[in-house]
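Participant: If it helps, the file is called run-v2.cif and holds mmCIF, C-alpha atoms:
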data_model
#
loop_
_atom_site.label_atom_id
_atom_site.label_comp_id
_atom_site.auth_asym_id
_atom_site.auth_seq_id
_atom_site.Cartn_x
_atom_site.Cartn_y
_atom_site.Cartn_z
CA MET A 138 -16.55 1.23 14.89
CA LYS A 139 -16.83 4.46 12.94
CA LEU A 140 -15.01 4.74 9.66
CA HIS A 141 -13.10 7.86 10.64
CA HIS A 142 -11.77 6.07 13.70
CA LEU A 143 -10.56 3.10 11.73
CA ARG A 144 -8.90 4.86 8.86
CA PRO A 145 -5.93 6.46 10.64
CA ALA A 146 -5.32 3.21 12.47
CA ALA A 147 -5.42 1.22 9.26
CA ILE A 148 -3.04 3.63 7.56
CA ALA A 149 -0.66 3.52 10.51
CA VAL A 150 -0.67 -0.26 10.56
CA ALA A 151 -0.24 -0.49 6.82
CA ALA A 152 2.53 2.10 6.88
CA SER A 153 4.42 0.30 9.57
CA LEU A 154 4.26 -2.94 7.66
CA PHE A 155 6.13 -1.51 4.71
CA PHE A 156 9.12 -0.79 6.90
CA VAL A 157 9.43 -3.95 8.92
CA ASN A 158 10.98 -7.31 8.39
CA PRO A 159 8.88 -9.21 5.84
CA ALA A 160 8.64 -12.05 8.31
CA ASP A 161 6.59 -9.68 10.47
CA ALA A 162 4.24 -8.60 7.65
CA LEU A 163 0.63 -9.62 7.88
CA SER A 164 -0.10 -13.01 6.37
CA ILE A 165 -3.50 -13.50 4.77
CA LYS A 166 -4.26 -16.04 7.46
CA GLU A 167 -3.77 -13.38 10.14
CA TYR A 168 -5.56 -10.77 8.05
CA ARG A 169 -8.67 -12.93 7.90
CA LYS A 170 -8.91 -12.80 11.68
CA PHE A 171 -9.99 -9.15 11.36
CA SER A 172 -13.66 -8.35 10.91
CA PRO A 173 -14.76 -7.81 7.26
CA GLU A 174 -15.03 -4.06 7.93
CA GLN A 175 -11.51 -3.93 9.33
CA GLN A 176 -10.19 -5.95 6.39
CA SER A 177 -11.55 -3.56 3.77
CA MET A 178 -10.39 -0.55 5.79
CA TYR A 179 -6.93 -2.12 6.08
CA LEU A 180 -6.77 -2.42 2.28
CA ILE A 181 -7.60 1.25 1.85
CA GLY A 182 -4.76 2.17 4.19
CA ALA A 183 -2.31 -0.21 2.54
CA VAL A 184 -3.15 0.89 -1.03
CA SER A 185 -2.93 4.57 -0.04
CA MET A 186 0.42 3.89 1.56
CA THR A 187 1.68 2.07 -1.51
CA ALA A 188 0.81 5.05 -3.71
CA PHE A 189 2.36 7.41 -1.16
CA THR A 190 5.64 5.49 -1.00
CA TYR A 191 5.99 5.44 -4.77
CA ALA A 192 5.27 9.19 -4.89
CA THR A 193 7.85 10.02 -2.23
CA ASN A 194 10.46 7.89 -3.93
CA GLY A 195 10.46 9.47 -7.34
CA ASP A 196 7.84 7.42 -9.14
CA PRO A 197 4.80 9.72 -9.28
CA VAL A 198 3.54 8.02 -12.44
CA LYS A 199 3.19 4.70 -10.70
CA ALA A 200 1.82 6.41 -7.59
CA ARG A 201 -0.88 8.06 -9.67
CA CYS A 202 -1.63 4.78 -11.46
CA VAL A 203 -2.08 2.93 -8.16
CA GLN A 204 -4.26 5.73 -6.83
CA ASN A 205 -6.43 5.80 -9.95
CA TRP A 206 -6.66 2.01 -10.14
CA TYR A 207 -8.12 1.76 -6.65
CA PHE A 208 -9.78 5.11 -5.92
CA GLY A 209 -10.22 6.69 -9.34
CA ALA A 210 -9.07 10.05 -10.63
CA HIS A 211 -12.39 11.76 -10.06
CA LYS A 212 -15.35 11.53 -7.77
CA GLY A 213 -17.60 8.63 -8.62
CA ASP A 214 -15.16 6.85 -10.95
CA GLU A 215 -15.74 3.14 -11.31
CA THR A 216 -12.46 1.43 -10.55
CA PRO A 217 -11.30 -2.18 -10.84
CA GLY A 218 -9.03 -2.03 -7.79
CA PRO A 219 -11.33 -3.06 -4.93
CA HIS A 220 -12.72 -6.06 -6.83
CA ASP A 221 -9.42 -7.19 -8.35
CA LEU A 222 -7.52 -6.91 -5.09
CA ALA A 223 -10.16 -8.82 -3.12
CA LEU A 224 -10.12 -11.55 -5.76
CA GLU A 225 -6.33 -11.82 -5.82
CA ILE A 226 -6.17 -11.99 -2.03
CA ALA A 227 -8.74 -14.81 -2.16
CA ALA A 228 -6.62 -16.56 -4.83
CA ALA A 229 -3.48 -16.26 -2.70
CA GLU A 230 -5.46 -17.49 0.29
CA LEU A 231 -6.50 -20.60 -1.61
CA VAL A 232 -2.90 -21.32 -2.59
CA ASP A 233 -1.28 -20.69 0.82
CA ALA A 234 -2.81 -18.29 3.34
CA ALA A 235 0.08 -18.58 5.77
CA LYS A 236 2.78 -17.93 3.18
CA TYR A 237 1.38 -14.93 1.31
CA HIS A 238 1.16 -11.45 2.79
CA VAL A 239 -1.52 -8.89 2.00
CA GLU A 240 1.13 -6.27 1.21
CA GLY A 241 2.88 -8.66 -1.19
CA VAL A 242 -0.35 -9.21 -3.11
CA ILE A 243 -0.85 -5.44 -3.34
CA LEU A 244 2.70 -4.95 -4.61
CA GLY A 245 2.43 -7.83 -7.09
CA LEU A 246 -0.95 -6.80 -8.42
CA THR A 247 -0.03 -3.12 -8.77
CA ASP A 248 3.15 -4.19 -10.59
CA LYS A 249 0.94 -6.11 -13.00
CA VAL A 250 -1.46 -3.23 -13.48
CA CYS A 251 0.95 -0.29 -13.40
CA GLY A 252 4.29 -1.84 -14.34
CA GLN A 253 7.41 -2.56 -12.35
CA PRO A 254 8.67 0.16 -10.01
CA LYS A 255 11.60 2.33 -11.06
CA GLN A 256 14.92 0.97 -9.83
CA MET B 277 -9.59 21.49 7.44
CA GLU B 278 -8.70 24.83 5.87
CA GLU B 279 -6.11 23.16 3.67
CA ALA B 280 -8.63 20.51 2.65
CA GLY B 281 -11.10 23.26 1.76
CA ARG B 282 -8.48 25.10 -0.27
CA LEU B 283 -7.53 21.96 -2.17
CA HIS B 284 -11.18 21.18 -2.81
CA ALA B 285 -11.64 24.64 -4.29
CA VAL B 286 -8.61 24.13 -6.56
CA LYS B 287 -9.78 20.71 -7.74
CA PRO B 288 -13.46 20.24 -6.93
CA ASP B 289 -13.76 17.04 -8.95
CA ALA B 290 -10.98 15.22 -7.08
CA THR B 291 -11.70 12.11 -5.08
CA ASP B 292 -13.00 12.90 -1.61
CA PHE B 293 -13.85 11.21 1.66
CA GLU B 294 -17.08 9.84 0.20
CA THR B 295 -14.99 8.18 -2.51
CA TYR B 296 -12.95 6.43 0.17
CA VAL B 297 -16.11 5.33 1.93
CA GLY B 298 -17.49 4.01 -1.37
CA LYS B 299 -14.29 2.11 -2.13
CA ASP B 300 -14.37 0.67 1.37
CA GLN B 301 -17.86 -0.66 0.71
CA GLU B 302 -16.83 -2.00 -2.71
CA ALA B 303 -13.84 -3.79 -1.17
CA HIS B 304 -16.07 -5.20 1.51
CA ALA B 305 -18.60 -6.55 -1.02
CA ALA B 306 -15.89 -7.89 -3.34
CA ALA B 307 -14.17 -9.68 -0.47
CA ALA B 308 -17.43 -11.26 0.64
CA ARG B 309 -18.11 -12.54 -2.86
CA SER B 310 -14.55 -13.80 -3.38
CA MET B 311 -14.67 -15.68 -0.12
CA GLN B 312 -18.03 -17.17 -1.06
CA LEU B 313 -16.60 -18.31 -4.39
CA ALA B 314 -13.56 -19.75 -2.65
CA ASP B 315 -15.87 -21.71 -0.36
CA THR B 316 -17.76 -22.97 -3.41
CA LEU B 317 -14.47 -24.05 -4.95
CA ARG B 318 -13.48 -25.90 -1.78
CA ARG B 319 -16.86 -27.64 -1.70
CA ILE B 320 -16.52 -28.78 -5.29
CA ASP B 321 -12.97 -29.96 -4.61
CA GLU B 322 -14.22 -31.98 -1.65
CA LEU B 323 -16.85 -33.59 -3.82
CA ASN B 324 -14.25 -34.39 -6.48
CA GLU B 325 -11.96 -35.90 -3.84
CA LYS B 326 -14.75 -38.10 -2.62
CA VAL B 327 -15.46 -39.17 -6.17
CA LYS B 328 -11.77 -39.98 -6.76
CA SER B 329 -11.35 -41.91 -3.54
CA GLY B 330 -14.47 -43.92 -4.29
CA GLU B 331 -16.17 -42.83 -1.09
CA LEU B 332 -19.42 -42.25 -2.91
CA THR B 333 -21.94 -44.78 -4.12
CA PRO B 334 -23.00 -44.44 -7.79
CA GLY B 335 -26.16 -42.61 -6.70
CA GLU B 336 -24.22 -40.23 -4.47
CA LEU B 337 -21.70 -39.75 -7.23
CA GLU B 338 -24.43 -38.67 -9.64
CA ARG B 339 -25.92 -36.33 -7.06
CA ALA B 340 -22.48 -34.86 -6.32
CA ARG B 341 -21.84 -34.24 -9.99
CA ASN B 342 -25.21 -32.59 -10.41
CA GLU B 343 -24.62 -30.45 -7.35
CA ALA B 344 -21.25 -29.29 -8.66
CA ARG B 345 -22.74 -28.50 -12.07
CA GLU B 346 -25.59 -26.59 -10.45
CA ILE B 347 -23.26 -24.56 -8.27
CA ILE B 348 -21.12 -23.53 -11.22
CA GLY B 349 -24.09 -23.06 -13.54
CA SER B 350 -25.89 -20.81 -11.08
CA LEU B 351 -23.06 -18.31 -11.01
CA PRO B 352 -23.62 -15.09 -12.94
CA GLU B 353 -21.20 -14.42 -15.80
CA ASP B 354 -18.86 -12.08 -13.89
CA ALA B 355 -18.84 -14.35 -10.86
CA ARG B 356 -17.95 -17.27 -13.11
CA LYS B 357 -14.91 -15.35 -14.36
CA ASP B 358 -13.87 -14.79 -10.76
CA TYR B 359 -14.47 -18.43 -10.04
CA GLU B 360 -12.25 -19.40 -12.97
CA ARG B 361 -9.51 -17.08 -11.72
CA LEU B 362 -9.62 -18.71 -8.28
CA HIS B 363 -9.73 -22.16 -9.82
CA ALA B 364 -6.72 -21.39 -12.04
CA ALA B 365 -4.76 -19.99 -9.09
CA ARG B 366 -5.47 -23.09 -7.11
CA GLN B 367 -4.40 -25.36 -9.97
CA SER B 368 -1.22 -23.52 -10.93
CA GLY B 369 -0.30 -21.71 -7.72
CA ASP B 370 0.12 -18.57 -9.83
CA VAL B 371 -0.60 -15.51 -7.68
CA ALA B 372 0.23 -11.86 -8.38
CA TYR B 373 2.74 -11.34 -5.62
CA ARG B 374 5.92 -9.47 -4.76
CA GLY B 375 7.54 -10.10 -1.40
CA PRO B 376 7.66 -7.12 0.93
CA ASP B 377 11.42 -7.74 1.25
CA ILE B 378 11.82 -6.10 -2.15
CA ALA B 379 9.26 -3.40 -1.44
CA PRO B 380 9.62 -0.10 -3.28
CA ALA B 381 13.12 1.16 -2.94
CA THR B 382 11.37 3.43 -0.69
CA SER B 383 11.98 2.29 2.75
CA SER B 384 15.72 2.70 2.47
CA SER B 385 15.57 6.26 1.19
CA ILE B 386 12.93 7.20 3.74
CA ASP B 387 15.14 5.68 6.42
CA VAL B 388 18.00 7.85 5.20
CA HIS B 389 15.84 10.98 5.42
CA LEU B 390 14.66 10.07 8.89
CA SER B 391 18.19 9.29 9.99
CA ASN B 392 19.50 12.58 8.57
CA ALA B 393 16.68 14.50 10.19
CA GLY B 394 17.42 12.87 13.51
CA SER B 395 21.12 13.66 13.41
CA GLN B 396 20.69 17.35 12.56
CA ARG B 397 21.95 19.70 15.23
CA GLN B 398 19.06 20.88 17.34
CA PRO B 399 18.29 24.56 17.97
CA SER B 400 20.05 26.19 20.88
CA GLY B 401 19.03 24.73 24.16
CA ALA B 402 19.17 21.20 22.89
CA THR B 403 21.46 18.72 24.56
CA ASP B 404 23.93 16.60 22.64
CA ALA B 405 23.47 13.55 24.74
CA VAL B 406 24.79 10.77 22.59
CA ALA B 407 28.09 11.16 20.82
CA GLY B 408 27.65 10.27 17.18
CA GLY B 409 24.04 9.30 17.78
CA VAL B 410 20.67 10.91 17.41
CA ASN B 411 20.24 14.09 19.44
CA PRO B 412 17.30 14.34 21.77
CA PRO B 413 14.75 16.93 20.70
CA ALA B 414 15.15 20.50 21.85
CA TYR B 415 12.28 20.32 24.28
CA ARG B 416 14.06 17.64 26.30
CA GLY B 417 16.57 19.42 28.44
CA PRO B 418 18.68 17.87 31.20
CA ALA B 419 16.66 16.16 33.91
CA GLN B 420 15.78 18.51 36.74
CA ASP B 421 17.03 17.62 40.17
CA PHE B 422 14.09 18.23 42.47
#
Kindly present the structure from the file in structure tokens form.

Facilitator:
Amino acid sequence: MKLHHLRPAAIAVAASLFFVNPADALSIKEYRKFSPEQQSMYLIGAVSMTAFTYATNGDPVKARCVQNWYFGAHKGDETPGPHDLALEIAAAELVDAAKYHVEGVILGLTDKVCGQPKQ
Amino acid sequence: MEEAGRLHAVKPDATDFETYVGKDQEAHAAAARSMQLADTLRRIDELNEKVKSGELTPGELERARNEAREIIGSLPEDARKDYERLHAARQSGDVAYRGPDIAPATSSSIDVHLSNAGSQRQPSGATDAVAGGVNPPAYRGPAQDF
């Protein structure tokens, strides 16, 4: 499937997951059922959505930090996000793939990297 | 497209679609390597379990130990760090995680905005169908009786 077809779908799925009952969020076990291409595309949508939600809720500093951590501030920036997130998802999978959600790992890791969200 | 072009002119060095594509590929490669390392870890754990439970003969035990050492030793430096992170997580159960139930204060305030937007009086021509509820959009008039 073409990238430009997947991206809006991934963003929509990721967006919806932030607003649903956590019990309905995507566990890593379920996430691994996607193809590798769909998994990485899903992460892009979910990280974008995380940055977007912080920005729209009065925490632009954290939004920018999340954005820069994963995508970089400028074209061609090397960023730790894709590697670190993939590693942390694999770590959570080893501990308990059914218990941990992809979105929870993103939130936890971005809290570690960018600090706790504003209350 | 016009807006994208305007923004690009304002900030030509900003991340673009190619950046997203590149990050997608990076995520893909990183996930593949992490999963490979996790498999390695599982394999070594299996060998250790067999050693502990005495399922292996002394010869097999020696071979298993050598195999485990070779697997770990063959990892490049950065992959070994990743391996150690996975190993530590498995040992301690420590994972960077925050439950989506305490997701950014976000959802509630967005819900409020959506709710407010939905309960605004619609332009003339709209129907107030549900008392105290969300009005149907202006384009949905009363059903026509054909």

Participant: Please produce, as a tab-separated table, a per-residue contact table for chain A versus chain B (criterion: any atom at most 6 Å away, all atoms listed in the file considered), showing the nearest atom pair and its distance in Å to one decimal, sorted by chain then residue number.

Facilitator:
residue	atom	partner	partner_atom	distance
A:Phe156	CA	B:Ser383	CA	5.9
A:Pro159	CA	B:Asp377	CA	5.4
A:Ser177	CA	B:His304	CA	5.3
A:Asn194	CA	B:Thr382	CA	5.6
A:His211	CA	B:Ala290	CA	4.8
A:Lys212	CA	B:Thr291	CA	4.6
A:Pro219	CA	B:Ala303	CA	4.6
A:His220	CA	B:Ala306	CA	5.1
A:Ala223	CA	B:Ala307	CA	4.9
A:Leu224	CA	B:Ser310	CA	5.5
A:Ala228	CA	B:Leu362	CA	5.1
A:Ala229	CA	B:Val371	CA	5.8
A:Val232	CA	B:Arg366	CA	5.5
A:Gly241	CA	B:Arg374	CA	4.8
A:Val242	CA	B:Tyr373	CA	4.5
A:Leu244	CA	B:Arg374	CA	5.6
A:Gly245	CA	B:Tyr373	CA	3.8
A:Leu246	CA	B:Ala372	CA	5.2

Participant: Counting all atoms listed in the file, figure out which residue out of A:Arg169, A:Gln175, A:Cys202, A:Ser185 gets nearest to A:Asp248.

Facilitator: A:Cys202

Participant: Work out how far atom CA of B:Glu353 is from atom CA of A:Ala227, in Å to one decimal.

Facilitator: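 So the two atoms, atom CA of A:Ala227 and atom CA of B:Glu353, lie 18.5 Å apart.
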
Participant: Selection in question (the file shown): the PyMOL selection byres ((chain A and resi 234-240) around 6). Which residues does it include, as a ChimeraX atom specification?

Facilitator: /A:163-166,230,233,241-243

Participant: Generate the output file for the selected residues, C-alpha atoms, as a PDB file, in the frame of the given file.

Facilitator:
ATOM      1  CA  LEU A 163       0.630  -9.620   7.880  1.00  0.00           C
ATOM      2  CA  SER A 164      -0.100 -13.010   6.370  1.00  0.00           C
ATOM      3  CA  ILE A 165      -3.500 -13.500   4.770  1.00  0.00           C
ATOM      4  CA  LYS A 166      -4.260 -16.040   7.460  1.00  0.00           C
ATOM      5  CA  GLU A 230      -5.460 -17.490   0.290  1.00  0.00           C
ATOM      6  CA  ASP A 233      -1.280 -20.690   0.820  1.00  0.00           C
ATOM      7  CA  GLY A 241       2.880  -8.660  -1.190  1.00  0.00           C
ATOM      8  CA  VAL A 242      -0.350  -9.210  -3.110  1.00  0.00           C
ATOM      9  CA  ILE A 243      -0.850  -5.440  -3.340  1.00  0.00           C
TER      10      ILE A 243
END

Participant: Taking all atoms of stretch 199-211 of chain A that the file lists, what box with edges along x, y and z, padded by 6 Å per side, do you get, with centre and edge lengths in Å to one decimal, as lines of an AutoDock Vina configuration file?

Facilitator:
center_x = -4.6
center_y = 6.8
center_z = -8.7
size_x = 27.6
size_y = 22.0
size_z = 17.5

Participant: Selected by the PyMOL selection byres ((chain A and resi 207) around 10) in the shown coordinates: which residues, as a PyMOL selection string?

Facilitator: (chain A and resi 180-181+184-185+188+202-206+208-210+214-222+247) or (chain B and resi 296+299+303)

Participant: Between atom CA of B:Leu351 and atom CA of B:Lys328, what is the distance in Å, rounded to a tenth?

Facilitator: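 These two atoms are separated by 24.8 Å.
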
Participant: Between atom CA of A:Arg201 and atom CA of A:Tyr179, what is the spacing in Å?

Facilitator: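 Answer for the atom CA of A:Tyr179 to atom CA of A:Arg201 separation: 19.7 Å.
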
Participant: Assuming the input is short of atoms at stretch 195-206 of chain A, produce all heavy atoms for that part as a CSV table (one decimal), keeping the file's coordinate frame.

Facilitator:
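The resulting file, selection32.csv, is shown below:
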chain,number,residue,atom,x,y,z
A,195,GLY,N,10.1,9.1,-6.0
A,195,GLY,CA,10.5,9.5,-7.3
A,195,GLY,C,9.7,8.7,-8.4
A,195,GLY,O,10.2,8.7,-9.6
A,196,ASP,N,8.6,8.1,-8.1
A,196,ASP,CA,7.8,7.4,-9.1
A,196,ASP,C,6.4,7.9,-9.1
A,196,ASP,O,5.5,7.1,-8.8
A,196,ASP,CB,7.9,5.9,-9.0
A,196,ASP,CG,7.6,5.1,-10.2
A,196,ASP,OD1,7.0,5.8,-11.2
A,196,ASP,OD2,7.8,3.9,-10.3
A,197,PRO,N,6.2,9.2,-9.4
A,197,PRO,CA,4.8,9.7,-9.3
A,197,PRO,C,3.9,9.1,-10.3
A,197,PRO,O,2.7,9.0,-10.1
A,197,PRO,CB,5.0,11.2,-9.5
A,197,PRO,CG,6.3,11.3,-10.2
A,197,PRO,CD,7.1,10.2,-9.8
A,198,VAL,N,4.4,8.6,-11.4
A,198,VAL,CA,3.5,8.0,-12.4
A,198,VAL,C,2.9,6.8,-11.9
A,198,VAL,O,1.7,6.5,-12.0
A,198,VAL,CB,4.3,7.7,-13.7
A,198,VAL,CG1,3.5,7.0,-14.7
A,198,VAL,CG2,4.9,9.0,-14.3
A,199,LYS,N,3.7,5.9,-11.3
A,199,LYS,CA,3.2,4.7,-10.7
A,199,LYS,C,2.3,5.0,-9.5
A,199,LYS,O,1.2,4.4,-9.3
A,199,LYS,CB,4.3,3.8,-10.3
A,199,LYS,CG,3.7,2.5,-9.7
A,199,LYS,CD,4.7,1.3,-9.9
A,199,LYS,CE,4.0,0.0,-9.3
A,199,LYS,NZ,4.8,-1.2,-9.5
A,200,ALA,N,2.7,6.0,-8.7
A,200,ALA,CA,1.8,6.4,-7.6
A,200,ALA,C,0.4,6.8,-8.1
A,200,ALA,O,-0.6,6.4,-7.5
A,200,ALA,CB,2.5,7.6,-6.9
A,201,ARG,N,0.4,7.6,-9.1
A,201,ARG,CA,-0.9,8.1,-9.7
A,201,ARG,C,-1.7,6.9,-10.2
A,201,ARG,O,-2.9,6.8,-10.1
A,201,ARG,CB,-0.6,9.1,-10.8
A,201,ARG,CG,-1.8,9.6,-11.5
A,201,ARG,CD,-2.7,10.5,-10.6
A,201,ARG,NE,-2.0,11.7,-10.1
A,201,ARG,CZ,-2.5,12.4,-9.1
A,201,ARG,NH1,-3.6,12.0,-8.4
A,201,ARG,NH2,-1.8,13.5,-8.7
A,202,CYS,N,-1.0,6.0,-10.9
A,202,CYS,CA,-1.6,4.8,-11.5
A,202,CYS,C,-2.3,3.9,-10.4
A,202,CYS,O,-3.4,3.5,-10.5
A,202,CYS,CB,-0.6,4.0,-12.2
A,202,CYS,SG,-1.3,2.4,-12.9
A,203,VAL,N,-1.5,3.7,-9.3
A,203,VAL,CA,-2.1,2.9,-8.2
A,203,VAL,C,-3.3,3.6,-7.6
A,203,VAL,O,-4.3,3.0,-7.3
A,203,VAL,CB,-1.0,2.7,-7.1
A,203,VAL,CG1,-1.6,2.1,-5.8
A,203,VAL,CG2,0.2,1.9,-7.6
A,204,GLN,N,-3.2,4.9,-7.4
A,204,GLN,CA,-4.3,5.7,-6.8
A,204,GLN,C,-5.5,5.6,-7.7
A,204,GLN,O,-6.6,5.4,-7.2
A,204,GLN,CB,-3.8,7.2,-6.7
A,204,GLN,CG,-4.8,8.2,-6.2
A,204,GLN,CD,-5.0,8.1,-4.7
A,204,GLN,OE1,-4.2,7.5,-4.0
A,204,GLN,NE2,-6.1,8.7,-4.3
A,205,ASN,N,-5.3,5.8,-9.0
A,205,ASN,CA,-6.4,5.8,-10.0
A,205,ASN,C,-7.0,4.4,-10.1
A,205,ASN,O,-8.2,4.3,-10.3
A,205,ASN,CB,-6.0,6.3,-11.3
A,205,ASN,CG,-5.7,7.8,-11.3
A,205,ASN,OD1,-6.0,8.5,-10.3
A,205,ASN,ND2,-5.1,8.3,-12.4
A,206,TRP,N,-6.2,3.4,-10.0
A,206,TRP,CA,-6.7,2.0,-10.1
A,206,TRP,C,-7.6,1.7,-9.0
A,206,TRP,O,-8.6,1.0,-9.2
A,206,TRP,CB,-5.4,1.1,-10.1
A,206,TRP,CG,-5.7,-0.4,-10.0
A,206,TRP,CD1,-6.3,-1.2,-10.9
A,206,TRP,CD2,-5.5,-1.2,-8.8
A,206,TRP,NE1,-6.4,-2.5,-10.4
A,206,TRP,CE2,-5.9,-2.5,-9.1
A,206,TRP,CE3,-4.9,-0.9,-7.5
A,206,TRP,CZ2,-5.8,-3.5,-8.2
A,206,TRP,CZ3,-4.8,-1.9,-6.6
A,206,TRP,CH2,-5.2,-3.2,-7.0
